[in-house]
>>> print(open('work-v3.csv').read())   # CSV, C-alpha atoms and all ligand atoms
chain,number,residue,atom,x,y,z
A,1,MET,CA,15.0,21.9,-3.8
A,2,LEU,CA,14.3,20.9,-7.4
A,3,TYR,CA,10.7,20.3,-8.6
A,4,ARG,CA,9.2,18.2,-11.4
A,5,LYS,CA,5.7,18.5,-12.8
A,6,MET,CA,3.1,15.8,-12.4
A,7,PRO,CA,2.1,15.4,-16.0
A,8,LYS,CA,-1.7,15.2,-15.7
A,9,THR,CA,-2.2,17.5,-12.7
A,10,GLY,CA,0.5,20.2,-13.3
A,11,ASP,CA,1.4,19.9,-9.6
A,12,GLU,CA,5.0,21.0,-9.1
A,13,LEU,CA,6.3,18.3,-6.7
A,14,SER,CA,9.6,18.3,-4.9
A,15,ILE,CA,11.9,15.6,-6.4
A,16,LEU,CA,12.4,14.3,-2.8
A,17,GLY,CA,9.4,12.9,-1.0
A,18,PHE,CA,9.4,11.9,2.7
A,19,GLY,CA,8.5,8.2,3.0
A,20,CYS,CA,6.9,7.5,6.4
A,21,MET,CA,7.6,3.8,6.7
A,22,ARG,CA,11.0,4.0,8.5
A,23,LEU,CA,10.6,6.9,10.8
A,24,ALA,CA,12.9,7.6,13.7
A,25,GLN,CA,12.0,5.3,16.6
A,26,LYS,CA,12.5,5.2,20.4
A,27,ASP,CA,11.6,2.2,22.6
A,28,GLY,CA,10.1,0.4,19.6
A,29,ARG,CA,7.7,3.2,18.7
A,30,ILE,CA,7.8,6.3,16.5
A,31,ASP,CA,10.0,9.0,18.1
A,32,GLU,CA,7.3,11.6,17.5
A,33,GLU,CA,9.2,14.6,18.5
A,34,ARG,CA,12.3,13.8,16.5
A,35,ALA,CA,10.5,12.5,13.4
A,36,ALA,CA,8.1,15.5,13.3
A,37,ARG,CA,11.1,17.9,13.6
A,38,GLN,CA,12.7,16.1,10.6
A,39,ILE,CA,9.6,16.3,8.5
A,40,ARG,CA,8.8,19.9,9.3
A,41,HIS,CA,12.5,20.8,8.6
A,42,ALA,CA,12.3,19.1,5.2
A,43,ILE,CA,9.1,21.0,4.4
A,44,ASP,CA,10.7,24.3,5.4
A,45,ARG,CA,13.5,23.4,2.9
A,46,GLY,CA,11.0,23.0,0.1
A,47,MET,CA,10.0,19.3,0.3
A,48,ASN,CA,6.3,19.1,-0.5
A,49,TYR,CA,5.3,15.4,-0.9
A,50,ILE,CA,4.6,13.1,2.1
A,51,ASP,CA,3.9,9.4,1.6
A,52,THR,CA,2.4,7.1,4.2
A,53,ALA,CA,0.1,4.0,4.3
A,54,TRP,CA,-2.3,2.1,6.5
A,55,PRO,CA,0.1,-0.6,7.8
A,56,TYR,CA,3.3,1.5,8.3
A,57,HIS,CA,4.6,1.4,11.9
A,58,ALA,CA,1.8,-1.0,12.7
A,59,GLY,CA,-0.9,1.6,11.9
A,60,GLU,CA,0.8,4.5,13.8
A,61,SER,CA,2.3,6.3,10.8
A,62,GLU,CA,-0.9,7.8,9.5
A,63,PRO,CA,-2.1,9.4,12.8
A,64,PHE,CA,1.5,10.6,13.4
A,65,VAL,CA,1.6,12.3,10.0
A,66,GLY,CA,-1.8,13.9,10.7
A,67,ARG,CA,-0.5,15.3,14.0
A,68,THR,CA,2.7,16.5,12.4
A,69,LEU,CA,1.0,18.3,9.6
A,70,ALA,CA,-1.9,19.8,11.6
A,71,GLY,CA,-2.1,23.6,11.1
A,72,VAL,CA,0.1,25.4,8.6
A,73,TYR,CA,2.1,22.4,7.3
A,74,ARG,CA,-0.9,20.5,5.8
A,75,GLU,CA,-1.5,23.0,3.1
A,76,ARG,CA,2.2,23.2,2.2
A,77,VAL,CA,2.4,19.5,1.1
A,78,LYS,CA,0.7,17.0,-1.1
A,79,LEU,CA,-0.3,14.1,1.1
A,80,ALA,CA,-0.3,10.5,-0.2
A,81,THR,CA,-1.6,7.3,1.4
A,82,LYS,CA,-2.9,4.0,0.2
A,83,LEU,CA,-5.8,1.6,0.3
A,84,PRO,CA,-4.6,-1.7,1.9
A,85,SER,CA,-5.7,-3.9,-1.0
A,86,TRP,CA,-5.0,-7.2,0.9
A,87,LEU,CA,-7.4,-6.3,3.7
A,88,VAL,CA,-10.3,-5.3,1.3
A,89,LYS,CA,-12.9,-8.0,1.2
A,90,ASN,CA,-15.8,-6.1,-0.5
A,91,ARG,CA,-16.7,-2.8,-2.1
A,92,ALA,CA,-17.9,-1.3,1.3
A,93,ASP,CA,-14.4,-2.0,2.8
A,94,MET,CA,-12.9,0.5,0.4
A,95,ASP,CA,-15.0,3.4,1.7
A,96,ARG,CA,-14.5,2.2,5.3
A,97,PHE,CA,-10.7,2.3,4.9
A,98,LEU,CA,-10.6,5.7,3.1
A,99,ASP,CA,-13.0,7.3,5.7
A,100,ALA,CA,-10.9,5.9,8.5
A,101,GLN,CA,-7.7,7.2,6.8
A,102,LEU,CA,-9.1,10.7,6.5
A,103,GLN,CA,-9.8,10.7,10.2
A,104,LYS,CA,-6.4,9.2,11.1
A,105,LEU,CA,-4.7,11.8,9.0
A,106,ALA,CA,-7.0,14.6,10.3
A,107,THR,CA,-7.7,15.9,6.8
A,108,SER,CA,-10.6,16.3,4.5
A,109,ARG,CA,-8.8,15.1,1.4
A,110,ILE,CA,-6.0,12.8,0.3
A,111,ASP,CA,-4.1,14.5,-2.6
A,112,TYR,CA,-2.6,11.3,-4.0
A,113,TYR,CA,-4.4,8.1,-3.1
A,114,LEU,CA,-2.9,4.7,-4.2
A,115,VAL,CA,-4.3,1.2,-4.3
A,116,HIS,CA,-1.5,-0.4,-2.3
A,117,SER,CA,0.9,-3.2,-3.5
A,118,LEU,CA,-0.7,-4.5,-6.6
A,119,ASN,CA,0.4,-7.3,-8.8
A,120,GLY,CA,-1.6,-9.0,-11.6
A,121,GLU,CA,-3.6,-11.1,-9.3
A,122,THR,CA,-4.4,-8.5,-6.6
A,123,TRP,CA,-5.4,-6.1,-9.3
A,124,ASP,CA,-7.9,-8.6,-10.8
A,125,ARG,CA,-9.4,-9.1,-7.4
A,126,MET,CA,-9.7,-5.4,-6.7
A,127,ALA,CA,-11.2,-4.8,-10.2
A,128,VAL,CA,-13.9,-7.4,-9.6
A,129,LEU,CA,-14.7,-5.8,-6.2
A,130,GLY,CA,-15.3,-2.5,-7.9
A,131,VAL,CA,-12.2,-0.4,-7.2
A,132,ALA,CA,-12.7,1.7,-10.4
A,133,GLU,CA,-16.1,2.9,-9.3
A,134,PHE,CA,-14.8,3.5,-5.8
A,135,LEU,CA,-12.0,5.7,-7.1
A,136,ASP,CA,-14.3,7.6,-9.4
A,137,ARG,CA,-16.7,8.2,-6.6
A,138,ALA,CA,-14.0,9.2,-4.1
A,139,LYS,CA,-12.7,11.7,-6.6
A,140,SER,CA,-16.1,13.2,-7.4
A,141,ASP,CA,-17.0,13.7,-3.7
A,142,GLY,CA,-13.6,15.2,-3.0
A,143,ARG,CA,-12.2,12.7,-0.6
A,144,ILE,CA,-9.3,12.0,-2.9
A,145,VAL,CA,-7.8,14.3,-5.6
A,146,ASN,CA,-5.6,11.9,-7.7
A,147,ALA,CA,-5.7,8.2,-8.1
A,148,GLY,CA,-2.7,5.9,-8.5
A,149,PHE,CA,-1.4,2.4,-7.6
A,150,SER,CA,1.8,1.0,-6.1
A,151,PHE,CA,3.2,-2.0,-7.8
A,152,HIS,CA,5.2,-5.1,-7.0
A,153,GLY,CA,4.7,-7.6,-9.8
A,154,LEU,CA,5.7,-8.6,-13.3
A,155,ARG,CA,6.2,-6.1,-16.1
A,156,GLU,CA,3.3,-7.4,-18.3
A,157,ASP,CA,0.9,-7.0,-15.4
A,158,PHE,CA,2.2,-3.5,-14.8
A,159,LYS,CA,1.3,-2.4,-18.3
A,160,ARG,CA,-2.1,-4.1,-18.0
A,161,ILE,CA,-2.9,-2.3,-14.8
A,162,ALA,CA,-1.6,1.0,-16.2
A,163,ASP,CA,-4.0,0.6,-19.1
A,164,ALA,CA,-7.0,-0.5,-16.9
A,165,TYR,CA,-7.9,2.9,-15.3
A,166,PRO,CA,-7.3,6.6,-16.0
A,167,TRP,CA,-4.7,6.9,-13.3
A,168,GLU,CA,-2.9,10.1,-12.6
A,169,PHE,CA,0.2,8.4,-11.3
A,170,CYS,CA,1.8,5.2,-10.2
A,171,GLN,CA,4.5,4.1,-7.7
A,172,ILE,CA,7.2,1.7,-8.6
A,173,GLN,CA,10.3,0.2,-7.0
A,174,TYR,CA,13.2,1.5,-9.0
A,175,ASN,CA,17.0,1.6,-8.4
A,176,TYR,CA,20.1,0.7,-10.4
A,177,LEU,CA,19.8,-3.0,-9.5
A,178,ASP,CA,16.1,-3.2,-10.5
A,179,GLU,CA,16.2,-2.0,-14.1
A,180,GLU,CA,14.9,-5.4,-15.1
A,181,HIS,CA,12.9,-6.3,-12.0
A,182,GLN,CA,9.2,-5.6,-11.5
A,183,ALA,CA,8.1,-2.6,-13.6
A,184,GLY,CA,11.7,-1.8,-14.3
A,185,THR,CA,13.0,0.7,-16.9
A,186,GLU,CA,10.4,-0.5,-19.4
A,187,GLY,CA,7.6,0.1,-17.0
A,188,LEU,CA,9.0,3.6,-16.1
A,189,MET,CA,9.0,4.5,-19.8
A,190,TYR,CA,5.6,3.0,-20.4
A,191,ALA,CA,4.0,5.0,-17.5
A,192,ALA,CA,5.7,8.2,-18.7
A,193,SER,CA,4.5,7.6,-22.3
A,194,LYS,CA,0.9,7.4,-21.0
A,195,GLY,CA,1.3,10.7,-19.1
A,196,LEU,CA,1.4,9.1,-15.6
A,197,GLY,CA,3.6,10.7,-13.0
A,198,VAL,CA,6.0,8.2,-11.4
A,199,ILE,CA,6.7,8.1,-7.7
A,200,VAL,CA,9.8,6.0,-7.1
A,201,MET,CA,10.1,3.9,-4.0
A,202,GLU,CA,13.0,1.8,-2.7
A,203,PRO,CA,15.7,3.9,-4.5
A,204,LEU,CA,18.2,2.4,-2.1
A,205,ARG,CA,16.6,-1.1,-2.3
A,206,GLY,CA,15.5,-1.1,1.3
A,207,GLY,CA,18.6,0.7,2.4
A,208,VAL,CA,21.1,-1.9,1.3
A,209,LEU,CA,22.5,0.2,-1.6
A,210,ALA,CA,23.4,2.8,1.1
A,211,ALA,CA,24.8,0.4,3.7
A,212,THR,CA,28.3,0.8,4.7
A,213,PRO,CA,30.6,-1.0,4.5
A,214,GLN,CA,29.7,-2.1,0.9
A,215,PRO,CA,30.9,-5.5,-0.3
A,216,PRO,CA,34.7,-5.0,-0.8
A,217,SER,CA,34.6,-5.5,-4.6
A,218,ILE,CA,31.9,-2.8,-4.9
A,219,ASP,CA,33.7,-0.5,-2.6
A,220,ALA,CA,36.8,-0.8,-4.7
A,221,LEU,CA,34.8,0.4,-7.8
A,222,TRP,CA,33.5,3.4,-6.0
A,223,ARG,CA,37.1,4.3,-5.0
A,224,GLU,CA,38.2,4.3,-8.7
A,225,VAL,CA,36.7,7.7,-9.4
A,226,GLU,CA,38.1,11.0,-8.0
A,227,ARG,CA,34.7,12.3,-7.1
A,228,ARG,CA,33.8,10.9,-3.7
A,229,ARG,CA,30.1,10.3,-3.1
A,230,THR,CA,28.4,8.1,-0.6
A,231,PRO,CA,26.8,4.9,-2.0
A,232,ALA,CA,23.4,6.5,-1.1
A,233,GLU,CA,24.2,9.6,-3.2
A,234,TRP,CA,25.2,7.5,-6.2
A,235,ALA,CA,22.0,5.5,-6.0
A,236,LEU,CA,19.7,8.6,-5.6
A,237,ARG,CA,21.5,10.5,-8.4
A,238,TRP,CA,21.1,7.5,-10.7
A,239,VAL,CA,17.3,7.6,-10.2
A,240,TRP,CA,17.0,11.3,-10.6
A,241,ASN,CA,19.1,11.1,-13.7
A,242,HIS,CA,15.8,9.8,-15.3
A,243,PRO,CA,13.5,12.7,-16.2
A,244,GLU,CA,10.5,10.2,-16.1
A,245,ALA,CA,10.9,9.8,-12.3
A,246,THR,CA,8.7,12.6,-10.8
A,247,VAL,CA,9.3,12.1,-7.1
A,248,VAL,CA,11.8,9.8,-5.3
A,249,LEU,CA,10.7,8.7,-1.8
A,250,SER,CA,13.2,8.3,0.9
A,251,GLY,CA,12.4,6.7,4.2
A,252,MET,CA,14.5,9.0,6.3
A,253,THR,CA,15.4,8.1,9.9
A,254,SER,CA,18.2,10.4,10.9
A,255,GLU,CA,19.0,14.1,10.6
A,256,ALA,CA,22.1,13.3,8.7
A,257,GLN,CA,20.0,11.4,6.1
A,258,VAL,CA,17.6,14.3,5.8
A,259,GLU,CA,20.4,16.8,5.3
A,260,GLU,CA,22.2,14.6,2.7
A,261,ASN,CA,19.1,14.0,0.7
A,262,LEU,CA,18.0,17.7,0.8
A,263,ARG,CA,21.5,18.6,-0.5
A,264,ILE,CA,21.4,16.1,-3.3
A,265,ALA,CA,17.8,17.1,-4.2
A,266,SER,CA,19.0,20.7,-4.7
A,267,ASP,CA,21.0,19.9,-7.8
A,268,ALA,CA,20.2,16.4,-9.1
A,269,LEU,CA,18.9,17.5,-12.5
A,270,PRO,CA,17.8,14.9,-15.1
A,271,GLY,CA,20.7,13.9,-17.3
A,272,SER,CA,23.2,15.4,-14.9
A,273,LEU,CA,25.4,12.2,-14.5
A,274,THR,CA,28.3,12.2,-16.9
A,275,ALA,CA,28.9,9.3,-19.3
A,276,ALA,CA,31.9,8.2,-17.1
A,277,GLU,CA,29.6,8.2,-14.0
A,278,THR,CA,26.8,6.1,-15.6
A,279,ASP,CA,29.5,3.8,-16.9
A,280,LEU,CA,30.8,3.4,-13.3
A,281,ILE,CA,27.3,2.6,-12.0
A,282,GLY,CA,27.0,0.1,-14.8
A,283,ARG,CA,30.2,-1.6,-13.6
A,284,VAL,CA,28.8,-1.6,-10.1
A,285,VAL,CA,25.7,-3.3,-11.3
A,286,ARG,CA,27.7,-6.0,-13.2
A,287,LYS,CA,29.8,-6.6,-10.1
A,288,TYR,CA,26.7,-7.0,-8.0
A,289,ARG,CA,25.4,-9.5,-10.6
A,290,GLU,CA,28.6,-11.5,-10.2
A,291,ILE,CA,28.4,-11.7,-6.5
A,292,MET,CA,24.7,-12.6,-6.5
A,293,THR,CA,24.4,-16.4,-6.4
A,294,VAL,CA,21.5,-17.2,-8.7
A,295,GLY,CA,21.5,-15.7,-12.2
A,296,CYS,CA,17.7,-14.9,-12.2
A,297,THR,CA,16.8,-11.8,-14.1
A,298,GLY,CA,13.3,-11.6,-12.6
A,299,CYS,CA,11.7,-12.0,-16.1
A,300,GLY,CA,8.9,-14.1,-14.7
A,301,TYR,CA,8.6,-16.5,-17.7
A,302,CYS,CA,8.6,-19.4,-15.3
A,303,GLN,CA,5.4,-18.2,-13.6
A,304,PRO,CA,2.8,-19.3,-12.8
A,305,CYS,CA,4.1,-22.3,-11.0
A,306,PRO,CA,1.4,-25.1,-10.6
A,307,SER,CA,2.4,-25.4,-6.9
A,308,GLY,CA,2.2,-21.6,-6.4
A,309,VAL,CA,5.9,-20.9,-5.8
A,310,ASP,CA,7.0,-17.3,-6.2
A,311,ILE,CA,10.1,-18.3,-8.1
A,312,PRO,CA,11.6,-14.9,-9.0
A,313,GLY,CA,10.7,-13.5,-5.5
A,314,SER,CA,12.5,-16.4,-3.8
A,315,PHE,CA,15.6,-15.9,-5.9
A,316,ASP,CA,15.6,-12.1,-5.3
A,317,SER,CA,15.5,-12.5,-1.6
A,318,PHE,CA,18.2,-15.2,-1.8
A,319,ASN,CA,20.5,-13.0,-3.9
A,320,ALA,CA,19.9,-10.0,-1.6
A,321,PHE,CA,21.2,-12.1,1.2
A,322,HIS,CA,24.3,-13.3,-0.7
A,323,ALA,CA,25.2,-9.8,-2.0
A,324,PHE,CA,24.6,-7.9,1.2
A,325,GLY,CA,24.9,-10.5,3.9
A,326,LYS,CA,21.8,-9.2,5.8
A,327,ILE,CA,20.0,-12.3,6.9
A,328,GLN,CA,17.3,-10.6,9.0
A,329,GLU,CA,16.3,-8.2,6.2
A,330,ALA,CA,16.5,-10.8,3.4
A,331,GLY,CA,14.6,-13.4,5.5
A,332,PHE,CA,11.9,-10.9,6.4
A,333,LEU,CA,11.6,-9.9,2.7
A,334,TYR,CA,11.2,-13.5,1.8
A,335,VAL,CA,8.4,-14.1,4.3
A,336,LEU,CA,6.6,-10.9,3.3
A,337,ARG,CA,6.7,-11.9,-0.4
A,338,SER,CA,6.1,-15.6,-0.1
A,339,GLY,CA,4.3,-16.1,3.2
A,340,GLY,CA,0.9,-15.1,1.9
A,341,VAL,CA,0.3,-12.2,4.2
A,342,LEU,CA,-0.6,-9.9,1.3
A,343,THR,CA,-2.1,-12.4,-1.0
A,344,GLY,CA,-3.8,-14.9,1.3
A,345,HIS,CA,-1.9,-17.9,-0.1
A,346,PRO,CA,1.7,-18.9,0.6
A,347,ALA,CA,4.2,-19.1,-2.2
A,348,TYR,CA,7.1,-20.7,-0.4
A,349,ALA,CA,10.0,-22.4,-2.2
A,350,SER,CA,9.3,-25.5,-0.1
A,351,GLN,CA,6.0,-25.9,-2.0
A,352,CYS,CA,8.0,-27.0,-5.1
A,353,SER,CA,6.9,-30.5,-6.2
A,354,HIS,CA,9.8,-30.9,-8.7
A,355,CYS,CA,7.5,-31.2,-11.6
A,356,GLY,CA,10.1,-29.5,-13.8
A,357,ASP,CA,7.7,-27.3,-15.8
A,358,CYS,CA,9.6,-24.1,-15.1
A,359,ILE,CA,13.1,-25.4,-16.2
A,360,LEU,CA,12.0,-25.4,-19.9
A,361,LYS,CA,10.6,-21.9,-19.6
A,362,CYS,CA,13.6,-20.2,-18.1
A,363,PRO,CA,15.7,-18.3,-20.6
A,364,GLN,CA,18.7,-18.4,-18.2
A,365,GLY,CA,18.6,-22.2,-18.1
A,366,LEU,CA,18.4,-22.3,-14.3
A,367,GLU,CA,17.9,-25.6,-12.5
A,368,ILE,CA,15.1,-24.0,-10.6
A,369,PRO,CA,13.9,-26.8,-8.3
A,370,ASP,CA,17.5,-27.5,-7.1
A,371,LEU,CA,18.1,-23.8,-6.5
A,372,LEU,CA,14.8,-23.5,-4.6
A,373,GLU,CA,16.1,-26.2,-2.2
A,374,GLN,CA,18.9,-23.8,-1.3
A,375,VAL,CA,16.4,-21.1,-0.7
A,376,VAL,CA,14.5,-23.4,1.6
A,377,LYS,CA,17.6,-24.2,3.6
A,378,GLN,CA,18.5,-20.5,3.9
A,379,PHE,CA,15.1,-19.1,4.8
A,380,GLU,CA,12.6,-21.7,6.0
A,381,GLY,CA,14.4,-23.1,9.0
A,382,GLU,CA,15.0,-21.3,12.3
A,383,GLY,CA,13.2,-18.0,12.7
A,384,LEU,CA,10.5,-18.6,10.1
A,385,THR,CA,7.6,-18.7,12.5
A,386,GLU,CA,8.8,-15.5,14.2
A,387,ARG,CA,9.2,-13.7,10.9
A,388,GLU,CA,5.7,-14.8,9.8
A,389,ALA,CA,4.3,-13.5,13.1
A,390,MET,CA,6.1,-10.2,12.6
A,391,ALA,CA,4.7,-9.8,9.0
A,392,ARG,CA,1.2,-10.6,10.1
A,393,ASN,CA,1.4,-8.1,13.0
A,394,LEU,CA,2.6,-5.4,10.6
A,395,PHE,CA,0.1,-6.0,7.7
A,396,GLN,CA,-3.0,-7.7,9.1
A,397,HIS,CA,-4.6,-5.2,11.5
B,401,LIG,S1,9.6,-27.5,-10.6
B,401,LIG,FE1,8.8,-26.6,-8.7
B,401,LIG,S2,9.0,-24.4,-9.0
B,401,LIG,FE2,9.2,-25.4,-11.0
B,401,LIG,S3,7.0,-25.3,-11.8
B,401,LIG,FE3,7.3,-27.3,-10.9
B,401,LIG,S4,6.6,-27.0,-8.8
B,401,LIG,FE4,6.9,-25.0,-9.7
B,402,LIG,S1,12.3,-17.7,-15.9
B,402,LIG,FE1,14.4,-18.0,-15.0
B,402,LIG,S2,15.3,-15.9,-15.0
B,402,LIG,FE2,13.1,-15.6,-15.4
B,402,LIG,S3,12.2,-15.2,-13.4
B,402,LIG,FE3,12.1,-17.4,-13.7
B,402,LIG,S4,13.9,-18.3,-12.8
B,402,LIG,FE4,14.3,-16.1,-13.0
>>> encode(input="work-v3.csv", output="structure tokens", more="lines below")
Ligand code: SF4
Ligand code: SF4
Amino acid sequence: MLYRKMPKTGDELSILGFGCMRLAQKDGRIDEERAARQIRHAIDRGMNYIDTAWPYHAGESEPFVGRTLAGVYRERVKLATKLPSWLVKNRADMDRFLDAQLQKLATSRIDYYLVHSLNGETWDRMAVLGVAEFLDRAKSDGRIVNAGFSFHGLREDFKRIADAYPWEFCQIQYNYLDEEHQAGTEGLMYAASKGLGVIVMEPLRGGVLAATPQPPSIDALWREVERRRTPAEWALRWVWNHPEATVVLSGMTSEAQVEENLRIASDALPGSLTAAETDLIGRVVRKYREIMTVGCTGCGYCQPCPSGVDIPGSFDSFNAFHAFGKIQEAGFLYVLRSGGVLTGHPAYASQCSHCGDCILKCPQGLEIPDLLEQVVKQFEGEGLTEREAMARNLFQH
């Protein structure tokens, strides 16, 4: 196992962290025996960072992690969990959630505590509710050791949030298709320049970059090189090639995934990809862009929309469906982003009033209202109500 130093704390963290959002399941619930065996095995092999959160596995992930780590394993890892920002209504809620999490995790301290799923708007709301004072107090009374935030928003907001509190770390979505999305490479570099450790989530973009079979034109590119690697290995090595990425989280479900990730994490040094390999990944990215339907770069210049439409989010889900063909995953992602479960107000493509404001602002010259109609046809018909219920069930308890 390789380790990287958390800049402000000096903690030596394993470059692979165990994400507890997609644990092995049996009969629709966590397969506790199997998932616990996988986590303890990874710890025995040197993995020392565990990430969970209030809503994962409908609230069951945190108590499961508490049971799994009880005894000797707890002190061998740094434990991370998150304040569910969308459920917080007032300052007192923050303490209520943290105290409940300490109980659920059967521990006296959270080593790395994050404000969960921030964007510009949710940060502003949390700031007004007093989250800075809450984090200061939780640190001083020892309930948390380090404070961070996880982010799903626009780059400008990422920098604003990074500047707004003396965070020790942040957590961003980062993979070879998301260099320009959300925090992106610019956000990664910005965080590193401020001395923040960076935890990377979604290195496989929700698993789609690891899926087999890959789209045929992508598969053909991977086969061009002599060195055979799985798509998952290429994607993980690409992230670890960046020295600014402190820990990469992987939501491991099977023993084979655990073994593969442990193997890669034993030699994925920063800068270890050759020029030919980074060039290959660059060509894979360009091919993905070709087979994605809408040429949206996620820059966010079209936002805010007066009707509240999440324009880049809508196109991202739409492109994910067209590139990977996974309607269930893309449709659920769309509802999660646009259905208002996390923000309290829906941002669906169907809310577009065709005012045309966004067209002038889009550097790609996209006919946004027409393209949004395609998004509506794809995602807002059959199955929408069920997907909304599923999202509420997962995140609003
Ligand atoms: S055209 Fe539609 S998406 Fe664009 S700004 Fe107007 S309401 Fe929003
Ligand atoms: S301005 Fe255009 S490219 Fe940028 S996020 Fe909006 S639709 Fe996408």
>>> atom_distance(input="work-v3.csv", atom1="CA of Ser150 (chain A)", atom2="CA of Thr81 (chain A)")
10.4 Å
>>> residues_around(input="work-v3.csv", residues="Arg40 (chain A)", least_positions_apart="5", cutoff="10 Å", atoms="all atoms listed in the file", output="list in words")
Ala35, Arg45, Gly46, Met47, Thr68, Leu69 and Tyr73 of chain A
>>> residues_near_ligand(input="work-v3.csv", ligand="ligand LIG 401 (chain B)", cutoff="8 Å", atoms="all atoms listed in the file", output="number ranges by chain")
A: 302-311, 349, 351-359, 368-369, 372
>>> write_last_selection(input="work-v3.csv", atoms="C-alpha atoms", output="PDB file, in the coordinates of the input")
ATOM      1  CA  CYS A 302       8.600 -19.400 -15.300  1.00  0.00           C
ATOM      2  CA  GLN A 303       5.400 -18.200 -13.600  1.00  0.00           C
ATOM      3  CA  PRO A 304       2.800 -19.300 -12.800  1.00  0.00           C
ATOM      4  CA  CYS A 305       4.100 -22.300 -11.000  1.00  0.00           C
ATOM      5  CA  PRO A 306       1.400 -25.100 -10.600  1.00  0.00           C
ATOM      6  CA  SER A 307       2.400 -25.400  -6.900  1.00  0.00           C
ATOM      7  CA  GLY A 308       2.200 -21.600  -6.400  1.00  0.00           C
ATOM      8  CA  VAL A 309       5.900 -20.900  -5.800  1.00  0.00           C
ATOM      9  CA  ASP A 310       7.000 -17.300  -6.200  1.00  0.00           C
ATOM     10  CA  ILE A 311      10.100 -18.300  -8.100  1.00  0.00           C
ATOM     11  CA  ALA A 349      10.000 -22.400  -2.200  1.00  0.00           C
ATOM     12  CA  GLN A 351       6.000 -25.900  -2.000  1.00  0.00           C
ATOM     13  CA  CYS A 352       8.000 -27.000  -5.100  1.00  0.00           C
ATOM     14  CA  SER A 353       6.900 -30.500  -6.200  1.00  0.00           C
ATOM     15  CA  HIS A 354       9.800 -30.900  -8.700  1.00  0.00           C
ATOM     16  CA  CYS A 355       7.500 -31.200 -11.600  1.00  0.00           C
ATOM     17  CA  GLY A 356      10.100 -29.500 -13.800  1.00  0.00           C
ATOM     18  CA  ASP A 357       7.700 -27.300 -15.800  1.00  0.00           C
ATOM     19  CA  CYS A 358       9.600 -24.100 -15.100  1.00  0.00           C
ATOM     20  CA  ILE A 359      13.100 -25.400 -16.200  1.00  0.00           C
ATOM     21  CA  ILE A 368      15.100 -24.000 -10.600  1.00  0.00           C
ATOM     22  CA  PRO A 369      13.900 -26.800  -8.300  1.00  0.00           C
ATOM     23  CA  LEU A 372      14.800 -23.500  -4.600  1.00  0.00           C
TER      24      LEU A 372
END
>>> closest_atom_pairs(input="work-v3.csv", of="region 263-284 of chain A", to="region 235-256 of chain A", cutoff="7 Å", atoms="all atoms listed in the file", output="tab-separated table")
residue	atom	partner	partner_atom	distance
A:Ala268	CA	A:Arg237	CA	6.1
A:Leu269	CA	A:Asn241	CA	6.5
A:Pro270	CA	A:Asn241	CA	4.3
A:Gly271	CA	A:Asn241	CA	4.8
A:Ser272	CA	A:Asn241	CA	6.1
A:Leu273	CA	A:Asn241	CA	6.4
>>> closest_atom_pairs(input="work-v3.csv", of="region 162-273 of chain A", to="region 289-299 of chain A", cutoff="9 Å", atoms="all atoms listed in the file", output="Markdown table")
| residue | atom | partner | partner_atom | distance |
| --- | --- | --- | --- | --- |
| A:Leu177 | CA | A:Arg289 | CA | 8.6 |
| A:Glu180 | CA | A:Thr297 | CA | 6.8 |
| A:His181 | CA | A:Gly298 | CA | 5.3 |
| A:Gln182 | CA | A:Gly298 | CA | 7.3 |
| A:Ser217 | CA | A:Ile291 | CA | 9.0 |
>>> closest_residue(input="work-v3.csv", among="A:Gly325, A:Gly153, A:Gly206, A:Gly282", to="ligand LIG 402 (chain B)", atoms="all atoms listed in the file")
A:Gly153
>>> residues_around(input="work-v3.csv", residues="region 342-347 of chain A", least_positions_apart="4", cutoff="10 Å", atoms="only C-alpha atoms", output="list in words")
Pro84, Ser85, Trp86, Leu87, Ser117, Leu118, Asn119, Glu121, Thr122, Cys305, Ser307, Gly308, Val309, Asp310, Ile311, Gly313, Ser314, Tyr334, Val335, Leu336, Arg337, Ser338, Gln351, Cys352, Ala391, Arg392, Phe395 and Gln396 of chain A
>>> closest_residue(input="work-v3.csv", among="A:Gly28, A:Ser350, A:Glu380, A:Phe318", to="ligand LIG 402 (chain B)", atoms="only C-alpha atoms and all ligand atoms")
A:Phe318
>>> residues_around(input="work-v3.csv", residues="Ala320 (chain A)", least_positions_apart="6", cutoff="9 Å", atoms="all atoms listed in the file", output="PyMOL selection string")
chain A and resi 208+292+326-327+329-330
>>> write_last_selection(input="work-v3.csv", atoms="C-alpha atoms", output="mmCIF file, in the coordinates of the input")
data_model
loop_
_atom_site.group_PDB
_atom_site.id
_atom_site.type_symbol
_atom_site.label_atom_id
_atom_site.label_comp_id
_atom_site.auth_asym_id
_atom_site.auth_seq_id
_atom_site.Cartn_x
_atom_site.Cartn_y
_atom_site.Cartn_z
ATOM 1 C CA VAL A 208 21.100 -1.900 1.300
ATOM 2 C CA MET A 292 24.700 -12.600 -6.500
ATOM 3 C CA LYS A 326 21.800 -9.200 5.800
ATOM 4 C CA ILE A 327 20.000 -12.300 6.900
ATOM 5 C CA GLU A 329 16.300 -8.200 6.200
ATOM 6 C CA ALA A 330 16.500 -10.800 3.400
#
>>> closest_residue(input="work-v3.csv", among="A:Arg155, A:Arg74, A:Arg91, A:Arg228", to="ligand LIG 402 (chain B)", atoms="all atoms listed in the file")
A:Arg155
>>> residues_around(input="work-v3.csv", residues="Asp99 (chain A)", least_positions_apart="6", cutoff="12 Å", atoms="all atoms listed in the file", output="list in words")
Trp54, Lys82, Leu83, Ala92, Asp93, Leu105, Ala106, Thr107, Ser108, Arg109, Ile110, Ala138, Gly142, Arg143 and Ile144 of chain A
